[in-house]
>>> print(open('data_5.pdb').read())   # PDB, C-alpha atoms
ATOM      1  CA  MET A 220     -52.854-124.162  35.786
ATOM      2  CA  ALA A 221     -49.337-125.261  36.694
ATOM      3  CA  ARG A 222     -46.748-122.573  37.189
ATOM      4  CA  THR A 223     -43.824-122.536  34.787
ATOM      5  CA  THR A 224     -40.424-120.924  34.612
ATOM      6  CA  THR A 225     -39.398-118.490  31.898
ATOM      7  CA  ASN A 226     -38.002-121.295  29.717
ATOM      8  CA  GLY A 227     -41.346-123.156  29.786
ATOM      9  CA  ASP A 228     -40.375-125.974  32.177
ATOM     10  CA  PRO A 229     -42.868-126.756  34.928
ATOM     11  CA  MET A 230     -41.742-125.802  38.414
ATOM     12  CA  ARG A 231     -41.145-128.687  40.835
ATOM     13  CA  ARG A 232     -41.137-128.652  44.595
ATOM     14  CA  ARG A 233     -37.572-128.756  45.869
ATOM     15  CA  GLY A 234     -36.175-129.599  49.331
ATOM     16  CA  PHE A 235     -38.147-130.724  52.352
ATOM     17  CA  THR A 236     -41.350-129.258  53.642
ATOM     18  CA  LEU A 237     -41.647-128.054  57.202
ATOM     19  CA  ILE A 238     -44.046-130.920  57.979
ATOM     20  CA  GLU A 239     -41.501-133.515  56.804
ATOM     21  CA  LEU A 240     -38.740-131.996  58.947
ATOM     22  CA  LEU A 241     -41.041-131.890  61.975
ATOM     23  CA  VAL A 242     -41.972-135.554  61.489
ATOM     24  CA  VAL A 243     -38.286-136.562  61.363
ATOM     25  CA  LEU A 244     -37.494-134.519  64.451
ATOM     26  CA  ALA A 245     -40.481-136.028  66.269
ATOM     27  CA  ILE A 246     -39.268-139.567  65.477
ATOM     28  CA  ILE A 247     -35.750-138.751  66.700
ATOM     29  CA  ALA A 248     -37.113-137.168  69.872
ATOM     30  CA  THR A 249     -39.298-140.226  70.532
ATOM     31  CA  LEU A 250     -36.352-142.609  70.155
ATOM     32  CA  LEU A 251     -34.199-140.513  72.484
ATOM     33  CA  SER A 252     -36.989-140.257  75.056
ATOM     34  CA  LEU A 253     -37.137-144.064  75.145
ATOM     35  CA  ALA A 254     -33.376-144.653  75.278
ATOM     36  CA  VAL A 255     -32.089-141.928  77.593
ATOM     37  CA  PRO A 256     -34.115-142.909  80.710
ATOM     38  CA  GLN A 257     -32.874-146.483  80.411
ATOM     39  CA  TYR A 258     -29.296-145.241  80.502
ATOM     40  CA  PHE A 259     -29.791-143.333  83.739
ATOM     41  CA  ARG A 260     -31.618-146.268  85.354
ATOM     42  CA  GLN A 261     -28.482-148.416  85.097
ATOM     43  CA  GLN A 262     -26.827-146.580  87.994
ATOM     44  CA  ASP A 263     -29.827-147.197  90.254
ATOM     45  CA  LYS A 264     -29.975-150.823  89.139
ATOM     46  CA  ALA A 265     -26.333-151.415  90.094
ATOM     47  CA  ARG A 266     -26.821-149.835  93.527
ATOM     48  CA  GLU A 267     -30.008-151.822  94.162
ATOM     49  CA  THR A 268     -28.186-155.062  93.297
ATOM     50  CA  VAL A 269     -25.406-154.302  95.774
ATOM     51  CA  LEU A 270     -27.970-153.278  98.430
ATOM     52  CA  ARG A 271     -29.964-156.490  97.938
ATOM     53  CA  HIS A 272     -26.925-158.710  98.437
ATOM     54  CA  ASN A 273     -25.685-156.664 101.395
ATOM     55  CA  LEU A 274     -29.043-157.220 103.085
ATOM     56  CA  VAL A 275     -28.840-160.963 102.381
ATOM     57  CA  THR A 276     -25.387-161.074 103.972
ATOM     58  CA  LEU A 277     -26.572-159.154 107.046
ATOM     59  CA  ARG A 278     -29.626-161.366 107.422
ATOM     60  CA  LYS A 279     -27.491-164.501 107.222
ATOM     61  CA  ALA A 280     -25.060-163.132 109.827
ATOM     62  CA  LEU A 281     -27.940-162.215 112.190
ATOM     63  CA  ASP A 282     -29.499-165.674 111.796
ATOM     64  CA  ASP A 283     -26.161-167.354 112.564
ATOM     65  CA  TYR A 284     -25.662-165.135 115.624
ATOM     66  CA  ARG A 285     -29.119-165.961 117.018
ATOM     67  CA  ASP A 286     -28.646-169.692 116.361
ATOM     68  CA  ASP A 287     -25.307-169.715 118.191
ATOM     69  CA  ARG A 288     -26.081-167.402 121.116
ATOM     70  CA  GLY A 289     -29.853-167.531 121.469
ATOM     71  CA  LYS A 290     -30.286-163.777 121.255
ATOM     72  CA  SER A 291     -29.888-160.918 118.808
ATOM     73  CA  PRO A 292     -26.774-158.722 118.852
ATOM     74  CA  GLU A 293     -26.985-155.381 120.603
ATOM     75  CA  SER A 294     -25.374-153.662 117.588
ATOM     76  CA  LEU A 295     -24.172-154.529 114.113
ATOM     77  CA  ASP A 296     -20.591-153.890 115.219
ATOM     78  CA  GLU A 297     -20.889-156.954 117.416
ATOM     79  CA  LEU A 298     -21.238-159.105 114.290
ATOM     80  CA  VAL A 299     -17.785-157.944 113.221
ATOM     81  CA  GLN A 300     -16.288-158.365 116.698
ATOM     82  CA  ARG A 301     -17.640-161.937 116.918
ATOM     83  CA  ARG A 302     -16.322-162.661 113.383
ATOM     84  CA  TYR A 303     -19.734-163.252 111.807
ATOM     85  CA  LEU A 304     -18.826-160.523 109.311
ATOM     86  CA  ARG A 305     -15.459-159.373 108.074
ATOM     87  CA  GLU A 306     -16.753-155.819 107.851
ATOM     88  CA  LEU A 307     -20.073-154.019 107.888
ATOM     89  CA  PRO A 308     -21.359-153.500 104.340
ATOM     90  CA  LEU A 309     -22.130-149.912 103.438
ATOM     91  CA  ASP A 310     -25.483-148.707 102.165
ATOM     92  CA  PRO A 311     -24.823-148.047  98.441
ATOM     93  CA  LEU A 312     -27.849-145.751  98.182
ATOM     94  CA  THR A 313     -26.336-143.207 100.596
ATOM     95  CA  THR A 314     -22.623-143.947 100.766
ATOM     96  CA  GLY A 315     -21.942-145.273  97.275
ATOM     97  CA  ALA A 316     -18.768-144.324  95.458
ATOM     98  CA  THR A 317     -20.704-142.728  92.612
ATOM     99  CA  ALA A 318     -23.515-140.215  92.718
ATOM    100  CA  GLY A 319     -26.911-140.867  91.213
ATOM    101  CA  CYS A 320     -27.109-137.583  89.374
ATOM    102  CA  SER A 321     -24.930-134.610  88.807
ATOM    103  CA  SER A 322     -25.886-131.011  89.435
ATOM    104  CA  ALA A 323     -28.123-129.627  86.755
ATOM    105  CA  ARG A 324     -26.454-127.554  84.128
ATOM    106  CA  PRO A 325     -27.952-124.234  83.102
ATOM    107  CA  ARG A 326     -30.187-124.634  80.158
ATOM    108  CA  ALA A 327     -28.757-123.154  77.011
ATOM    109  CA  ALA A 328     -30.555-120.206  75.552
ATOM    110  CA  LEU A 329     -32.875-121.074  72.731
ATOM    111  CA  PRO A 330     -32.091-119.546  69.345
ATOM    112  CA  THR A 331     -34.297-116.653  68.433
ATOM    113  CA  CYS A 332     -35.864-116.180  65.076
ATOM    114  CA  THR A 333     -35.985-112.903  63.253
ATOM    115  CA  ALA A 334     -38.730-111.935  60.920
ATOM    116  CA  ALA A 335     -37.840-112.546  57.301
ATOM    117  CA  ARG A 336     -38.090-109.785  54.804
ATOM    118  CA  PRO A 337     -40.575-110.245  51.999
ATOM    119  CA  ALA A 338     -38.802-111.942  49.132
ATOM    120  CA  ARG A 339     -38.728-110.214  45.817
ATOM    121  CA  ARG A 340     -40.114-112.090  42.911
ATOM    122  CA  MET A 341     -37.335-113.485  40.773
ATOM    123  CA  THR A 342     -37.662-114.396  37.145
ATOM    124  CA  GLY A 343     -35.523-115.987  34.518
ATOM    125  CA  PRO A 344     -32.034-117.269  35.310
ATOM    126  CA  THR A 345     -32.009-115.497  38.697
ATOM    127  CA  MET A 346     -34.989-117.603  39.902
ATOM    128  CA  GLN A 347     -33.414-120.877  38.738
ATOM    129  CA  ALA A 348     -30.135-120.067  40.509
ATOM    130  CA  GLY A 349     -32.002-119.237  43.720
ATOM    131  CA  ASP A 350     -33.903-122.552  43.596
ATOM    132  CA  ARG A 351     -30.681-124.507  43.109
ATOM    133  CA  HIS A 352     -29.014-122.651  45.974
ATOM    134  CA  SER A 353     -31.991-123.258  48.285
ATOM    135  CA  ARG A 354     -32.109-126.947  47.438
ATOM    136  CA  GLY A 355     -28.366-127.337  48.046
ATOM    137  CA  SER A 356     -28.574-125.547  51.388
ATOM    138  CA  VAL A 357     -31.357-127.833  52.574
ATOM    139  CA  TYR A 358     -29.462-130.981  51.623
ATOM    140  CA  ILE A 359     -26.230-129.728  53.190
ATOM    141  CA  GLY A 360     -28.083-128.820  56.374
ATOM    142  CA  ALA A 361     -29.732-132.237  56.464
ATOM    143  CA  LEU A 362     -26.366-133.990  55.990
ATOM    144  CA  VAL A 363     -24.767-131.915  58.742
ATOM    145  CA  ALA A 364     -27.684-132.669  61.076
ATOM    146  CA  LEU A 365     -27.428-136.385  60.318
ATOM    147  CA  ALA A 366     -23.667-136.332  60.901
ATOM    148  CA  ILE A 367     -24.099-134.618  64.265
ATOM    149  CA  LEU A 368     -26.868-137.042  65.196
ATOM    150  CA  GLY A 369     -24.678-139.990  64.217
ATOM    151  CA  VAL A 370     -21.818-138.767  66.405
ATOM    152  CA  MET A 371     -24.187-138.210  69.321
ATOM    153  CA  LEU A 372     -25.724-141.655  68.955
ATOM    154  CA  SER A 373     -22.294-143.307  68.715
ATOM    155  CA  GLN A 374     -21.165-141.574  71.913
ATOM    156  CA  PHE A 375     -24.420-142.493  73.606
ATOM    157  CA  GLY A 376     -23.906-146.113  72.526
ATOM    158  CA  VAL A 377     -20.443-146.147  74.110
ATOM    159  CA  LEU A 378     -21.788-144.684  77.356
ATOM    160  CA  TRP A 379     -24.664-147.156  77.379
ATOM    161  CA  ALA A 380     -22.343-150.136  76.870
ATOM    162  CA  THR A 381     -19.956-148.890  79.573
ATOM    163  CA  GLN A 382     -22.733-148.369  82.109
ATOM    164  CA  ASP A 383     -24.251-151.779  81.366
ATOM    165  CA  ARG A 384     -20.826-153.383  81.792
ATOM    166  CA  ARG A 385     -20.324-151.688  85.157
ATOM    167  CA  ALA A 386     -23.705-152.950  86.324
ATOM    168  CA  ARG A 387     -22.820-156.504  85.256
ATOM    169  CA  GLU A 388     -19.490-156.260  87.078
ATOM    170  CA  ALA A 389     -21.380-155.283  90.240
ATOM    171  CA  ASP A 390     -23.615-158.341  89.758
ATOM    172  CA  LEU A 391     -20.540-160.534  89.259
ATOM    173  CA  LEU A 392     -18.973-159.344  92.509
ATOM    174  CA  ALA A 393     -22.221-159.772  94.429
ATOM    175  CA  HIS A 394     -22.976-163.247  93.056
ATOM    176  CA  GLY A 395     -19.383-164.449  93.392
ATOM    177  CA  ASN A 396     -19.206-163.340  97.023
ATOM    178  CA  GLU A 397     -22.510-165.090  97.755
ATOM    179  CA  ILE A 398     -21.236-168.348  96.237
ATOM    180  CA  ARG A 399     -17.975-168.095  98.178
ATOM    181  CA  ARG A 400     -19.870-167.512 101.425
ATOM    182  CA  ALA A 401     -22.176-170.464 100.631
ATOM    183  CA  ILE A 402     -19.186-172.753  99.985
ATOM    184  CA  GLY A 403     -17.778-171.750 103.369
ATOM    185  CA  ALA A 404     -21.101-172.470 105.090
ATOM    186  CA  TYR A 405     -21.323-175.861 103.340
ATOM    187  CA  TYR A 406     -17.773-176.661 104.449
ATOM    188  CA  ASP A 407     -18.396-175.625 108.071
ATOM    189  CA  ALA A 408     -21.623-177.649 108.272
ATOM    190  CA  ASN A 409     -19.576-180.867 108.275
ATOM    191  CA  PRO A 410     -17.292-181.348 111.306
ATOM    192  CA  ALA A 411     -14.738-183.100 109.096
ATOM    193  CA  GLY A 412     -14.861-180.336 106.509
ATOM    194  CA  GLN A 413     -16.205-181.220 103.078
ATOM    195  CA  TYR A 414     -16.645-179.189  99.896
ATOM    196  CA  PRO A 415     -19.639-179.545  97.531
ATOM    197  CA  LYS A 416     -19.289-181.655  94.416
ATOM    198  CA  ARG A 417     -21.747-179.488  92.475
ATOM    199  CA  LEU A 418     -22.964-175.927  92.869
ATOM    200  CA  ASP A 419     -26.539-177.217  93.102
ATOM    201  CA  GLU A 420     -25.677-178.729  96.485
ATOM    202  CA  LEU A 421     -25.370-175.195  97.856
ATOM    203  CA  VAL A 422     -29.086-174.674  97.174
ATOM    204  CA  LEU A 423     -30.054-177.939  98.886
ATOM    205  CA  ASP A 424     -27.503-179.825 100.998
ATOM    206  CA  PRO A 425     -27.983-183.578 100.323
ATOM    207  CA  ARG A 426     -25.938-184.528 103.424
ATOM    208  CA  GLN A 427     -28.395-183.141 105.940
ATOM    209  CA  PRO A 428     -31.507-184.996 107.161
ATOM    210  CA  VAL A 429     -33.383-181.690 107.182
ATOM    211  CA  VAL A 430     -33.575-178.954 104.574
ATOM    212  CA  ALA A 431     -30.379-176.891 104.598
ATOM    213  CA  ARG A 432     -29.885-174.127 102.052
ATOM    214  CA  TYR A 433     -26.774-171.967 101.708
ATOM    215  CA  LEU A 434     -27.918-170.215  98.522
ATOM    216  CA  ARG A 435     -31.462-169.144  97.725
ATOM    217  CA  ARG A 436     -30.839-169.809  94.032
ATOM    218  CA  ALA A 437     -28.050-171.028  91.783
ATOM    219  CA  TRP A 438     -26.618-167.787  90.407
ATOM    220  CA  ARG A 439     -25.374-167.726  86.830
ATOM    221  CA  ASP A 440     -22.491-165.704  85.456
ATOM    222  CA  PRO A 441     -24.001-162.263  84.700
ATOM    223  CA  LEU A 442     -21.346-161.254  82.171
ATOM    224  CA  PRO A 443     -22.043-161.650  78.417
ATOM    225  CA  LYS A 444     -20.509-164.802  76.959
ATOM    226  CA  GLY A 445     -19.713-165.933  80.495
ATOM    227  CA  GLY A 446     -21.699-169.159  80.293
ATOM    228  CA  GLU A 447     -21.155-171.538  83.180
ATOM    229  CA  TRP A 448     -18.968-170.643  86.133
ATOM    230  CA  GLY A 449     -15.340-171.705  86.035
ATOM    231  CA  ILE A 450     -14.655-174.163  88.851
ATOM    232  CA  VAL A 451     -11.695-174.080  91.243
ATOM    233  CA  PRO A 452     -11.179-177.747  92.240
ATOM    234  CA  GLY A 453     -10.369-178.750  95.798
ATOM    235  CA  PRO A 454      -9.824-181.885  97.859
ATOM    236  CA  ASP A 455     -11.817-184.972  96.877
ATOM    237  CA  ASN A 456     -12.975-183.291  93.637
ATOM    238  CA  GLY A 457     -14.847-180.693  95.654
ATOM    239  CA  ILE A 458     -15.479-177.080  94.627
ATOM    240  CA  VAL A 459     -13.569-174.485  96.641
ATOM    241  CA  GLY A 460     -14.319-171.479  94.419
ATOM    242  CA  VAL A 461     -15.635-170.102  91.153
ATOM    243  CA  TYR A 462     -14.668-167.504  88.572
ATOM    244  CA  SER A 463     -16.142-165.976  85.427
ATOM    245  CA  GLN A 464     -15.068-167.396  82.073
ATOM    246  CA  ALA A 465     -16.134-164.254  80.210
ATOM    247  CA  PRO A 466     -13.482-162.618  78.002
ATOM    248  CA  GLY A 467     -12.432-159.005  78.395
ATOM    249  CA  THR A 468     -10.639-156.660  80.771
ATOM    250  CA  PRO A 469     -12.502-155.395  83.853
ATOM    251  CA  LEU A 470     -13.410-151.723  83.990
ATOM    252  CA  ARG A 471     -13.057-151.696  87.752
ATOM    253  CA  VAL A 472      -9.448-151.724  88.947
ATOM    254  CA  GLY A 473      -9.751-150.583  92.580
ATOM    255  CA  GLY A 474     -12.030-149.819  95.496
ATOM    256  CA  PHE A 475     -12.674-153.479  96.353
ATOM    257  CA  THR A 476     -13.675-154.810  99.755
ATOM    258  CA  PRO A 477     -10.966-156.545 101.834
ATOM    259  CA  ALA A 478     -12.299-159.953 100.778
ATOM    260  CA  ASN A 479     -11.753-158.986  97.113
ATOM    261  CA  ALA A 480      -8.605-156.911  97.556
ATOM    262  CA  GLY A 481      -6.699-159.300  95.294
ATOM    263  CA  PHE A 482      -8.871-158.278  92.321
ATOM    264  CA  ALA A 483      -7.189-154.861  92.034
ATOM    265  CA  ASP A 484      -5.468-154.136  88.700
ATOM    266  CA  LYS A 485      -6.288-157.567  87.256
ATOM    267  CA  GLY A 486      -6.168-157.869  83.466
ATOM    268  CA  SER A 487      -9.093-160.260  82.930
ATOM    269  CA  TYR A 488     -12.324-161.361  84.568
ATOM    270  CA  GLN A 489     -10.925-164.868  84.921
ATOM    271  CA  GLU A 490      -8.512-163.507  87.527
ATOM    272  CA  TRP A 491     -11.438-162.526  89.771
ATOM    273  CA  ILE A 492     -11.452-165.844  91.631
ATOM    274  CA  PHE A 493     -13.975-166.236  94.457
ATOM    275  CA  VAL A 494     -12.351-168.985  96.512
ATOM    276  CA  HIS A 495     -13.082-170.063 100.079
ATOM    277  CA  GLN A 496     -10.144-170.154 102.455
ATOM    278  CA  PRO A 497     -10.767-172.182 105.634
ATOM    279  CA  GLU A 498      -9.793-170.335 108.793
ATOM    280  CA  ALA A 499      -6.746-171.755 110.535
ATOM    281  CA  ASN A 500      -7.446-173.282 113.940
TER
END
>>> encode(input="data_5.pdb", output="structure tokens")
Amino acid sequence: MARTTTNGDPMRRRGFTLIELLVVLAIIATLLSLAVPQYFRQQDKARETVLRHNLVTLRKALDDYRDDRGKSPESLDELVQRRYLRELPLDPLTTGATAGCSSARPRAALPTCTAARPARRMTGPTMQAGDRHSRGSVYIGALVALAILGVMLSQFGVLWATQDRRAREADLLAHGNEIRRAIGAYYDANPAGQYPKRLDELVLDPRQPVVARYLRRAWRDPLPKGGEWGIVPGPDNGIVGVYSQAPGTPLRVGGFTPANAGFADKGSYQEWIFVHQPEAN
């Protein structure tokens, strides 16, 4: 037999059950467990990208040294002294400007629960008022929890977008420097000095009777909405440099290598121009 109130109306279940709240919390926890690790992996991804391109640069410099002198250098500093490198690239995994993780914070104390006193049975108008108050408290608590969750997710979204943008900027610097170095190698391969007509010629030089590659692959602009590289024209319609056509203001404003020192405090990505400058004889 259904329970009724003193005015004869059947009682209805009000608010959320504990099972429903636990299911919601489990879904939220699952979503956060999937999203949070991806956020922290972005730092490692940016460092690995810089490390990969630093190793490519070192390998190219070592190959050039052996081809010219018939032996390997006694130390990496010799590559700088012989002008095969402008400077020795640092290992971003050990000497990077940013740390992989911060020191752990002390875990906050968990709230304790006190035993509830047995509730007295309420009848009549007192019982109806208590039900309305309980229902309102549950809804208010749910709204507050959703508001807090929304603020947390919005802040997390901002952090995620910022970290992803920093990683893409690192890719842009690495790829742009590789293309600039490849243009210089293409130019030096011809005694008369000649720039490529297309970026694809850096992957396979059509002028040489044997296979000559200055880029392992034709890099694309890593920034969103970047599309194709912007071209800096040179003599005889050659390509002397590239730049990103992506809109927006760079997050990075300092700490560049000497080759990219001119990028400091620039107001747009299009001002990060990776151009080859022939060395004066």
>>> atom_distance(input="data_5.pdb", atom1="CA of Ala437 (chain A)", atom2="CA of Leu421 (chain A)")
7.8 Å
>>> closest_residue(input="data_5.pdb", among="A:Ala411, A:Leu312, A:Leu423, A:Val459", to="Leu270 (chain A)", atoms="all atoms listed in the file")
A:Leu312
>>> resolve_selection(input="data_5.pdb", expression="the PyMOL selection byres ((chain A and resi 404) around 10)", output="tab-separated table (two decimals) with C-alpha atoms, in the coordinates of the input")
chain	number	residue	atom	x	y	z
A	398	ILE	CA	-21.24	-168.35	96.24
A	399	ARG	CA	-17.98	-168.10	98.18
A	400	ARG	CA	-19.87	-167.51	101.42
A	401	ALA	CA	-22.18	-170.46	100.63
A	402	ILE	CA	-19.19	-172.75	99.98
A	403	GLY	CA	-17.78	-171.75	103.37
A	405	TYR	CA	-21.32	-175.86	103.34
A	406	TYR	CA	-17.77	-176.66	104.45
A	407	ASP	CA	-18.40	-175.62	108.07
A	408	ALA	CA	-21.62	-177.65	108.27
A	409	ASN	CA	-19.58	-180.87	108.28
A	414	TYR	CA	-16.64	-179.19	99.90
A	421	LEU	CA	-25.37	-175.20	97.86
A	432	ARG	CA	-29.88	-174.13	102.05
A	433	TYR	CA	-26.77	-171.97	101.71
A	434	LEU	CA	-27.92	-170.22	98.52
A	495	HIS	CA	-13.08	-170.06	100.08
>>> atom_distance(input="data_5.pdb", atom1="CA of Leu392 (chain A)", atom2="CA of Pro469 (chain A)")
11.5 Å
>>> atom_distance(input="data_5.pdb", atom1="CA of Trp448 (chain A)", atom2="CA of Asp424 (chain A)")
19.4 Å
>>> residues_around(input="data_5.pdb", residues="region 482-494 of chain A", least_positions_apart="2", cutoff="9 Å", atoms="only C-alpha atoms", output="list in words")
Leu392, Gly395, Asn396, Ile398, Arg399, Ile402, Gly449, Val451, Ile458, Val459, Gly460, Val461, Tyr462, Ser463, Gln464, Ala465, Pro466, Gly467, Thr468, Pro469, Arg471, Val472, Gly473, Gly474, Phe475, Asn479, Ala480 and Gln496 of chain A
>>> closest_atom_pairs(input="data_5.pdb", of="region 431-499 of chain A", to="region 301-304 of chain A", cutoff="12 Å", atoms="all atoms listed in the file", output="Markdown table")
| residue | atom | partner | partner_atom | distance |
| --- | --- | --- | --- | --- |
| A:Pro477 | CA | A:Leu304 | CA | 11.6 |
| A:Ala478 | CA | A:Leu304 | CA | 10.8 |
| A:Glu498 | CA | A:Arg302 | CA | 11.1 |
>>> write_last_selection(input="data_5.pdb", atoms="C-alpha atoms", output="CSV table (one decimal), in the coordinates of the input")
chain,number,residue,atom,x,y,z
A,477,PRO,CA,-11.0,-156.5,101.8
A,478,ALA,CA,-12.3,-160.0,100.8
A,498,GLU,CA,-9.8,-170.3,108.8
>>> closest_residue(input="data_5.pdb", among="A:Asp263, A:Asp390, A:Glu239, A:Asp455", to="Trp438 (chain A)", atoms="all atoms listed in the file")
A:Asp390
>>> resolve_selection(input="data_5.pdb", expression="the PyMOL selection byres ((chain A and resi 307) around 12)", output="MDAnalysis selection string")
chainID A and resid 273:274 276:277 280 294:300 302:306 308:310 476:477
>>> residues_near_point(input="data_5.pdb", point="(-23.6, -143.9, 82.5)", cutoff="9 Å", atoms="all atoms listed in the file", output="PDB file with C-alpha atoms, in the frame of the given file")
ATOM      1  CA  TYR A 258     -29.296-145.241  80.502  1.00  0.00           C
ATOM      2  CA  PHE A 259     -29.791-143.333  83.739  1.00  0.00           C
ATOM      3  CA  ARG A 260     -31.618-146.268  85.354  1.00  0.00           C
ATOM      4  CA  GLN A 261     -28.482-148.416  85.097  1.00  0.00           C
ATOM      5  CA  GLN A 262     -26.827-146.580  87.994  1.00  0.00           C
ATOM      6  CA  LEU A 378     -21.788-144.684  77.356  1.00  0.00           C
ATOM      7  CA  TRP A 379     -24.664-147.156  77.379  1.00  0.00           C
ATOM      8  CA  ALA A 380     -22.343-150.136  76.870  1.00  0.00           C
ATOM      9  CA  THR A 381     -19.956-148.890  79.573  1.00  0.00           C
ATOM     10  CA  GLN A 382     -22.733-148.369  82.109  1.00  0.00           C
ATOM     11  CA  ASP A 383     -24.251-151.779  81.366  1.00  0.00           C
ATOM     12  CA  ARG A 385     -20.324-151.688  85.157  1.00  0.00           C
TER      13      ARG A 385
END
>>> residues_around(input="data_5.pdb", residues="Pro441 (chain A)", least_positions_apart="5", cutoff="9 Å", atoms="only C-alpha atoms", output="mmCIF file with C-alpha atoms, in the frame of the given file")
data_model
loop_
_atom_site.group_PDB
_atom_site.id
_atom_site.type_symbol
_atom_site.label_atom_id
_atom_site.label_comp_id
_atom_site.auth_asym_id
_atom_site.auth_seq_id
_atom_site.Cartn_x
_atom_site.Cartn_y
_atom_site.Cartn_z
ATOM 1 C CA ARG A 387 -22.820 -156.504 85.256
ATOM 2 C CA GLU A 388 -19.490 -156.260 87.078
ATOM 3 C CA ASP A 390 -23.615 -158.341 89.758
ATOM 4 C CA LEU A 391 -20.540 -160.534 89.259
ATOM 5 C CA HIS A 394 -22.976 -163.247 93.056
ATOM 6 C CA GLY A 446 -21.699 -169.159 80.293
ATOM 7 C CA SER A 463 -16.142 -165.976 85.427
#
>>> build_atoms(input="data_5.pdb", residues="region 280-298 of chain A", atoms="N, CA and C atoms", output="PDB file, in the frame of the given file")
ATOM      1  N   ALA A 280     -25.896-163.297 108.634  1.00  0.00           N
ATOM      2  CA  ALA A 280     -25.060-163.132 109.827  1.00  0.00           C
ATOM      3  C   ALA A 280     -25.919-163.039 111.096  1.00  0.00           C
ATOM      4  N   LEU A 281     -27.052-162.325 111.030  1.00  0.00           N
ATOM      5  CA  LEU A 281     -27.940-162.215 112.190  1.00  0.00           C
ATOM      6  C   LEU A 281     -28.544-163.567 112.560  1.00  0.00           C
ATOM      7  N   ASP A 282     -28.939-164.341 111.527  1.00  0.00           N
ATOM      8  CA  ASP A 282     -29.499-165.674 111.796  1.00  0.00           C
ATOM      9  C   ASP A 282     -28.457-166.573 112.469  1.00  0.00           C
ATOM     10  N   ASP A 283     -27.221-166.530 111.969  1.00  0.00           N
ATOM     11  CA  ASP A 283     -26.161-167.354 112.564  1.00  0.00           C
ATOM     12  C   ASP A 283     -25.887-166.930 114.010  1.00  0.00           C
ATOM     13  N   TYR A 284     -25.907-165.630 114.266  1.00  0.00           N
ATOM     14  CA  TYR A 284     -25.662-165.135 115.624  1.00  0.00           C
ATOM     15  C   TYR A 284     -26.750-165.628 116.582  1.00  0.00           C
ATOM     16  N   ARG A 285     -28.021-165.513 116.154  1.00  0.00           N
ATOM     17  CA  ARG A 285     -29.119-165.961 117.018  1.00  0.00           C
ATOM     18  C   ARG A 285     -29.080-167.469 117.249  1.00  0.00           C
ATOM     19  N   ASP A 286     -28.722-168.237 116.192  1.00  0.00           N
ATOM     20  CA  ASP A 286     -28.646-169.692 116.361  1.00  0.00           C
ATOM     21  C   ASP A 286     -27.549-170.085 117.348  1.00  0.00           C
ATOM     22  N   ASP A 287     -26.432-169.363 117.326  1.00  0.00           N
ATOM     23  CA  ASP A 287     -25.307-169.715 118.191  1.00  0.00           C
ATOM     24  C   ASP A 287     -25.497-169.214 119.613  1.00  0.00           C
ATOM     25  N   ARG A 288     -26.074-168.028 119.799  1.00  0.00           N
ATOM     26  CA  ARG A 288     -26.081-167.402 121.116  1.00  0.00           C
ATOM     27  C   ARG A 288     -27.479-167.255 121.706  1.00  0.00           C
ATOM     28  N   GLY A 289     -28.510-167.572 120.943  1.00  0.00           N
ATOM     29  CA  GLY A 289     -29.853-167.531 121.469  1.00  0.00           C
ATOM     30  C   GLY A 289     -30.418-166.144 121.675  1.00  0.00           C
ATOM     31  N   LYS A 290     -29.788-165.152 121.158  1.00  0.00           N
ATOM     32  CA  LYS A 290     -30.286-163.777 121.255  1.00  0.00           C
ATOM     33  C   LYS A 290     -29.743-162.971 120.092  1.00  0.00           C
ATOM     34  N   SER A 291     -30.339-161.803 119.880  1.00  0.00           N
ATOM     35  CA  SER A 291     -29.888-160.918 118.808  1.00  0.00           C
ATOM     36  C   SER A 291     -28.755-160.034 119.309  1.00  0.00           C
ATOM     37  N   PRO A 292     -27.874-159.599 118.427  1.00  0.00           N
ATOM     38  CA  PRO A 292     -26.774-158.722 118.852  1.00  0.00           C
ATOM     39  C   PRO A 292     -27.309-157.348 119.250  1.00  0.00           C
ATOM     40  N   GLU A 293     -26.588-156.716 120.170  1.00  0.00           N
ATOM     41  CA  GLU A 293     -26.985-155.381 120.603  1.00  0.00           C
ATOM     42  C   GLU A 293     -26.702-154.329 119.533  1.00  0.00           C
ATOM     43  N   SER A 294     -25.710-154.576 118.678  1.00  0.00           N
ATOM     44  CA  SER A 294     -25.374-153.662 117.588  1.00  0.00           C
ATOM     45  C   SER A 294     -24.761-154.455 116.456  1.00  0.00           C
ATOM     46  N   LEU A 295     -24.764-153.859 115.273  1.00  0.00           N
ATOM     47  CA  LEU A 295     -24.172-154.529 114.113  1.00  0.00           C
ATOM     48  C   LEU A 295     -22.664-154.673 114.266  1.00  0.00           C
ATOM     49  N   ASP A 296     -22.038-153.779 115.025  1.00  0.00           N
ATOM     50  CA  ASP A 296     -20.591-153.890 115.219  1.00  0.00           C
ATOM     51  C   ASP A 296     -20.226-155.187 115.938  1.00  0.00           C
ATOM     52  N   GLU A 297     -21.165-155.711 116.704  1.00  0.00           N
ATOM     53  CA  GLU A 297     -20.889-156.954 117.416  1.00  0.00           C
ATOM     54  C   GLU A 297     -20.738-158.126 116.454  1.00  0.00           C
ATOM     55  N   LEU A 298     -21.394-158.049 115.294  1.00  0.00           N
ATOM     56  CA  LEU A 298     -21.238-159.105 114.290  1.00  0.00           C
ATOM     57  C   LEU A 298     -19.803-159.153 113.772  1.00  0.00           C
TER      58      LEU A 298
END
